[in-house]
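J.: To be precise about what I am sending: the file is called work.txt and holds compact mmCIF, C-alpha atoms.
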```
# COMPACT_ATOMS: atom_id res chain seq x y z
CA MET A 1 -13.85 -12.94 12.10
CA SER A 2 -13.76 -9.22 11.32
CA ALA A 3 -17.55 -9.09 11.11
CA TYR A 4 -17.78 -10.75 14.53
CA LEU A 5 -15.23 -8.39 16.06
CA ARG A 6 -17.18 -5.39 14.76
CA SER A 7 -20.22 -6.69 16.64
CA ILE A 8 -18.43 -6.42 20.00
CA ILE A 9 -19.41 -3.00 21.26
CA SER A 10 -18.37 -1.53 24.57
CA TYR A 11 -21.13 0.53 26.15
CA ASP A 12 -20.62 -0.06 29.87
CA ALA A 13 -17.26 1.63 30.51
CA PRO A 14 -17.04 4.37 33.18
CA PHE A 15 -16.24 7.02 30.56
CA GLN A 16 -19.41 6.12 28.67
CA HIS A 17 -21.46 6.41 31.85
CA TRP A 18 -19.83 9.77 32.52
CA LEU A 19 -20.76 10.94 29.01
CA LYS A 20 -24.37 10.00 29.81
CA GLY A 21 -24.36 12.30 32.84
CA ASN A 22 -23.04 10.23 35.74
CA ASP A 23 -20.46 12.62 37.22
CA ASP A 24 -19.28 9.98 39.68
CA ALA A 25 -18.54 7.31 37.06
CA MET A 26 -14.86 8.30 36.85
CA THR A 27 -12.30 9.18 39.51
CA ASN A 28 -10.67 12.62 39.53
CA ASP A 29 -7.45 11.15 38.13
CA GLU A 30 -9.38 9.48 35.30
CA LYS A 31 -11.10 12.79 34.51
CA LYS A 32 -7.74 14.55 34.43
CA GLY A 33 -6.44 11.77 32.20
CA ALA A 34 -9.39 12.31 29.85
CA LEU A 35 -8.57 16.02 29.63
CA LEU A 36 -5.00 15.06 28.70
CA PHE A 37 -6.21 12.50 26.14
CA PHE A 38 -8.41 15.07 24.39
CA GLY A 39 -5.97 17.94 24.96
CA LYS A 40 -2.29 18.21 25.77
CA ALA A 41 -1.35 14.59 24.96
CA LYS A 42 -2.98 14.91 21.50
CA CYS A 43 -4.30 11.31 21.54
CA ALA A 44 -7.62 12.42 20.07
CA SER A 45 -5.95 13.74 16.93
CA CYS A 46 -6.17 10.11 15.74
CA HIS A 47 -8.53 8.47 18.26
CA TYR A 48 -11.66 10.55 17.71
CA ASN A 49 -14.49 8.29 16.51
CA GLN A 50 -17.10 6.78 18.88
CA ASN A 51 -14.91 3.76 19.57
CA LEU A 52 -11.96 6.14 20.07
CA GLY A 53 -10.40 4.84 16.88
CA SER A 54 -10.66 6.20 13.36
CA ASN A 55 -10.47 5.18 9.71
CA GLU A 56 -7.06 6.80 9.35
CA PHE A 57 -3.85 4.88 8.64
CA HIS A 58 -0.52 5.94 10.16
CA ALA A 59 3.08 4.74 10.29
CA LEU A 60 4.31 4.76 13.88
CA GLY A 61 7.59 2.95 13.30
CA VAL A 62 7.12 0.21 15.89
CA ASN A 63 8.93 -3.11 15.53
CA ASP A 64 7.53 -5.99 13.50
CA MET A 65 6.84 -9.44 14.92
CA ASP A 66 10.01 -10.97 13.45
CA GLN A 67 12.15 -8.42 15.29
CA HIS A 68 11.34 -10.04 18.63
CA ILE A 69 13.47 -12.86 19.98
CA ASP A 70 10.43 -14.90 20.98
CA ALA A 71 8.37 -14.10 17.89
CA LEU A 72 6.22 -16.82 16.37
CA ASP A 73 6.66 -15.45 12.86
CA LYS A 74 10.29 -14.91 11.88
CA ASN A 75 9.65 -13.83 8.29
CA PRO A 76 10.73 -10.20 7.75
CA ASN A 77 9.02 -10.21 4.34
CA ASP A 78 5.60 -11.08 5.74
CA ARG A 79 3.21 -8.69 3.99
CA ARG A 80 1.48 -8.03 7.30
CA ASN A 81 4.56 -6.07 8.35
CA TYR A 82 3.72 -3.51 5.66
CA GLY A 83 0.29 -2.66 7.08
CA ARG A 84 -2.02 -1.16 4.51
CA GLY A 85 0.84 -1.30 2.02
CA GLY A 86 0.78 -5.10 2.23
CA PHE A 87 -2.64 -4.98 0.56
CA THR A 88 -2.40 -1.99 -1.80
CA MET A 89 1.32 -2.51 -2.58
CA LYS A 90 1.57 1.28 -2.91
CA GLU A 91 4.72 2.87 -1.57
CA GLU A 92 2.77 5.65 0.16
CA ASP A 93 0.83 3.05 2.19
CA MET A 94 3.83 1.07 3.42
CA TYR A 95 4.01 0.56 7.21
CA LYS A 96 0.74 2.40 7.77
CA PHE A 97 -1.73 0.72 10.13
CA LYS A 98 -5.34 1.56 10.90
CA VAL A 99 -6.02 3.52 14.08
CA PRO A 100 -7.72 0.99 16.40
CA GLY A 101 -10.54 1.53 18.85
CA ILE A 102 -9.07 1.55 22.33
CA TYR A 103 -11.78 0.41 24.72
CA ASN A 104 -10.68 -2.50 26.95
CA MET A 105 -7.00 -2.13 26.16
CA LYS A 106 -6.23 -3.05 29.76
CA ASP A 107 -7.21 -6.64 28.96
CA THR A 108 -4.64 -6.94 26.16
CA PRO A 109 -1.24 -8.49 26.95
CA PHE A 110 0.53 -6.80 24.00
CA TYR A 111 0.15 -3.75 21.78
CA PHE A 112 0.84 -2.59 18.20
CA HIS A 113 0.88 -4.84 15.13
CA GLY A 114 4.18 -6.46 16.08
CA SER A 115 3.36 -6.89 19.79
CA SER A 116 6.40 -4.75 20.59
CA LYS A 117 4.89 -3.26 23.74
CA THR A 118 3.52 -5.17 26.70
CA SER A 119 2.00 -2.40 28.85
CA LEU A 120 0.00 0.77 28.34
CA LYS A 121 2.80 2.64 30.07
CA ASP A 122 5.12 1.48 27.26
CA VAL A 123 2.57 2.57 24.65
CA VAL A 124 2.19 6.03 26.19
CA GLU A 125 5.96 6.49 26.51
CA TYR A 126 6.49 5.45 22.88
CA LYS A 127 3.87 7.85 21.56
CA LEU A 128 5.11 10.73 23.70
CA ASN A 129 8.73 10.19 22.59
CA ALA A 130 7.64 9.94 18.93
CA GLU A 131 10.85 8.20 17.83
CA PRO A 132 10.70 5.19 15.46
CA GLU A 133 12.23 1.97 16.77
CA ASN A 134 11.91 -0.03 13.54
CA ILE A 135 14.96 0.40 11.31
CA ARG A 136 12.79 -0.50 8.30
CA VAL A 137 10.62 2.61 8.70
CA SER A 138 12.42 5.79 7.70
CA LYS A 139 11.60 9.02 9.51
CA ASN A 140 10.08 10.49 6.36
CA LYS A 141 7.45 7.71 6.42
CA MET A 142 6.43 8.46 10.01
CA SER A 143 2.99 9.93 10.63
CA TYR A 144 2.91 13.71 10.81
CA LYS A 145 0.52 13.30 13.75
CA LEU A 146 3.09 11.50 15.88
CA VAL A 147 4.81 14.44 17.55
CA LYS A 148 7.00 14.59 20.64
CA THR A 149 4.94 15.61 23.66
CA THR A 150 6.07 16.24 27.22
CA LEU A 151 3.96 15.15 30.19
CA THR A 152 4.92 15.09 33.86
CA ASP A 153 5.05 11.71 35.61
CA THR A 154 1.77 12.59 37.34
CA GLU A 155 0.12 13.43 34.03
CA LYS A 156 1.34 10.16 32.53
CA ASP A 157 -0.18 8.26 35.45
CA GLN A 158 -3.47 10.12 35.00
CA LEU A 159 -3.56 9.40 31.27
CA ILE A 160 -2.83 5.72 31.88
CA SER A 161 -5.54 5.59 34.56
CA PHE A 162 -8.04 6.94 32.01
CA LEU A 163 -6.94 4.40 29.38
CA GLU A 164 -6.86 1.42 31.73
CA ASN A 165 -9.88 2.05 33.92
CA ALA A 166 -12.26 4.62 32.46
CA LEU A 167 -12.23 2.91 29.05
CA ARG A 168 -12.74 -0.61 30.37
CA ASP A 169 -16.14 -2.24 29.95
CA PRO A 170 -16.00 -4.94 32.66
CA ASN A 171 -18.47 -7.27 30.99
CA LEU A 172 -17.37 -7.97 27.42
CA GLU A 173 -17.74 -11.68 28.18
CA ARG A 174 -21.41 -11.13 27.37
CA TYR A 175 -20.43 -11.45 23.71
CA LYS A 176 -18.77 -14.85 24.06
CA PRO A 177 -20.93 -17.49 22.37
CA ASP A 178 -21.60 -20.82 24.08
CA PHE A 179 -20.72 -22.54 20.81
CA VAL A 180 -20.14 -21.77 17.14
CA GLY A 181 -22.07 -23.39 14.30
CA SER A 182 -19.00 -25.10 12.90
CA GLY A 183 -18.43 -26.96 16.16
CA LEU A 184 -14.80 -25.85 16.11
CA CYS A 185 -12.90 -24.37 19.06
CA TYR A 186 -13.63 -20.76 19.92
CA PRO A 187 -12.01 -18.28 19.69
CA ASN A 188 -9.05 -20.15 18.13
CA ASN A 189 -8.96 -23.54 16.45
CA ASP A 190 -5.27 -24.22 15.92
CA VAL A 191 -3.78 -27.41 17.40
CA VAL A 192 -2.28 -25.68 20.45
CA SER A 193 -5.54 -23.84 21.20
CA GLN A 194 -7.51 -27.08 20.91
CA ILE A 195 -5.32 -28.58 23.64
CA ASP A 196 -5.31 -25.46 25.81
CA LEU A 197 -9.08 -25.04 25.55
CA GLY A 198 -9.80 -28.74 25.98
CA CYS A 199 -12.00 -28.91 22.91
CA ASN A 200 -9.98 -31.24 20.69
```
Could you rewrite the structure in this file as structure tokens?

T.:
Amino acid sequence: MSAYLRSIISYDAPFQHWLKGNDDAMTNDEKKGALLFFGKAKCASCHYNQNLGSNEFHALGVNDMDQHIDALDKNPNDRRNYGRGGFTMKEEDMYKFKVPGIYNMKDTPFYFHGSSKTSLKDVVEYKLNAEPENIRVSKNKMSYKLVKTTLTDTEKDQLISFLENALRDPNLERYKPDFVGSGLCYPNNDVVSQIDLGCN
């Protein structure tokens, strides 16, 4: 699955067209949002690779899946809650998660490893406030790159416009296969997905 996900590459987003010289590819608000992303808002301190992610791991202190009332997984000891630490079992890696690429975030109904945020506005507010919400993550484990930042309401709207619109490739469906060799449901093959997708 990871190998397949790495093959999905956004190259048709407005920001990418702007980088190639099309000055009209983004609106003025999106351009101002980009300046905030790479400047005052400090987003690019972590999101700096081509996919606007990086190979860094950081603890942001967001809630785990089991801390939600409607969570599917109610196990607080699930190793996935520990991020990189769940694999290395090293104390210094606990609660650290890899910085994701952020193209097409607008199409995602939830954010962070525990799905604790349901809008990009919530994500931006959380990162600007830089206060952990997860009681399991002590402040001394928090990433040194997560620092309180003040933006005006207008600046927040401009940043969100950049994230939602300028970074959205409208045609990622081009990567969806007509079928998979196993003959199983795509992209999920659990019992509920089989019913929902009509491929059982």

J.: Would you compute the distance between atom CA of A:Asp64 and atom CA of A:Arg84? Give it in Å to one decimal.

T.: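 A separation of 14.0 Å between them.
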
J.: Could you make a table, as JSON lines, of the residues of stretch 21-82 of chain A that have an atom within 6 Å of an atom of stretch 162-178 of chain A, each with its nearest atom pair and distance in Å to one decimal, counting all atoms listed in the file, in chain and number order?

T.:
```
{"residue": "A:Glu30", "atom": "CA", "partner": "A:Phe162", "partner_atom": "CA", "distance": 4.4}
{"residue": "A:Gly33", "atom": "CA", "partner": "A:Phe162", "partner_atom": "CA", "distance": 5.1}
{"residue": "A:Ala34", "atom": "CA", "partner": "A:Phe162", "partner_atom": "CA", "distance": 5.9}
```

J.: Give me, please, the distance in Å between atom CA of A:Val99 and atom CA of A:Gly53, quoted to one decimal.

T.: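 Calculated distance between atom CA of A:Val99 and atom CA of A:Gly53 is 5.4 Å.
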
J.: What separation in Å, quoted to one decimal, exists between atom CA of A:Val147 and atom CA of A:Ala130?

T.: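 If I compute the distance from atom CA of A:Val147 to atom CA of A:Ala130, I get 5.5 Å.
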
J.: Write out as number ranges by chain each polymer residue whose atoms come within 9 Å of stretch 137-145 of chain A, counting all atoms listed in the file; drop sequence neighbours fewer than 5 positions from it.

T.: A: 42, 45-46, 57-62, 92, 94-96, 131-132

J.: What's the 12 Å shell around A:Tyr48, counting all atoms listed in the file, without same-chain residues fewer than 5 positions away, as an mmCIF file with C-alpha atoms, in the coordinates of the input?

T.:
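Contents of part-v4.cif, freshly written:
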```cif
data_model
loop_
_atom_site.group_PDB
_atom_site.id
_atom_site.type_symbol
_atom_site.label_atom_id
_atom_site.label_comp_id
_atom_site.auth_asym_id
_atom_site.auth_seq_id
_atom_site.Cartn_x
_atom_site.Cartn_y
_atom_site.Cartn_z
ATOM 1 C CA PHE A 37 -6.210 12.500 26.140
ATOM 2 C CA PHE A 38 -8.410 15.070 24.390
ATOM 3 C CA GLY A 39 -5.970 17.940 24.960
ATOM 4 C CA LYS A 42 -2.980 14.910 21.500
ATOM 5 C CA CYS A 43 -4.300 11.310 21.540
ATOM 6 C CA GLY A 53 -10.400 4.840 16.880
ATOM 7 C CA SER A 54 -10.660 6.200 13.360
ATOM 8 C CA ASN A 55 -10.470 5.180 9.710
ATOM 9 C CA GLU A 56 -7.060 6.800 9.350
ATOM 10 C CA VAL A 99 -6.020 3.520 14.080
ATOM 11 C CA PRO A 100 -7.720 0.990 16.400
ATOM 12 C CA GLY A 101 -10.540 1.530 18.850
ATOM 13 C CA ILE A 102 -9.070 1.550 22.330
#
```

J.: Show which residues sit within 10 Å of A:Lys121, as number ranges by chain. Count all atoms listed in the file, and ignore same-chain residues fewer than 5 positions away.

T.: A: 126, 156-157, 159-161, 163-164

J.: Which residues are near A:Leu128? Cut-off 6 Å, only C-alpha atoms, ignore same chain within fewer than 3 positions. Put them as a compact mmCIF listing (two decimals) with C-alpha atoms, in the coordinates of the input.

T.:
```
# COMPACT_ATOMS: atom_id res chain seq x y z
CA GLU A 125 5.96 6.49 26.51
CA LYS A 148 7.00 14.59 20.64
CA THR A 149 4.94 15.61 23.66
```
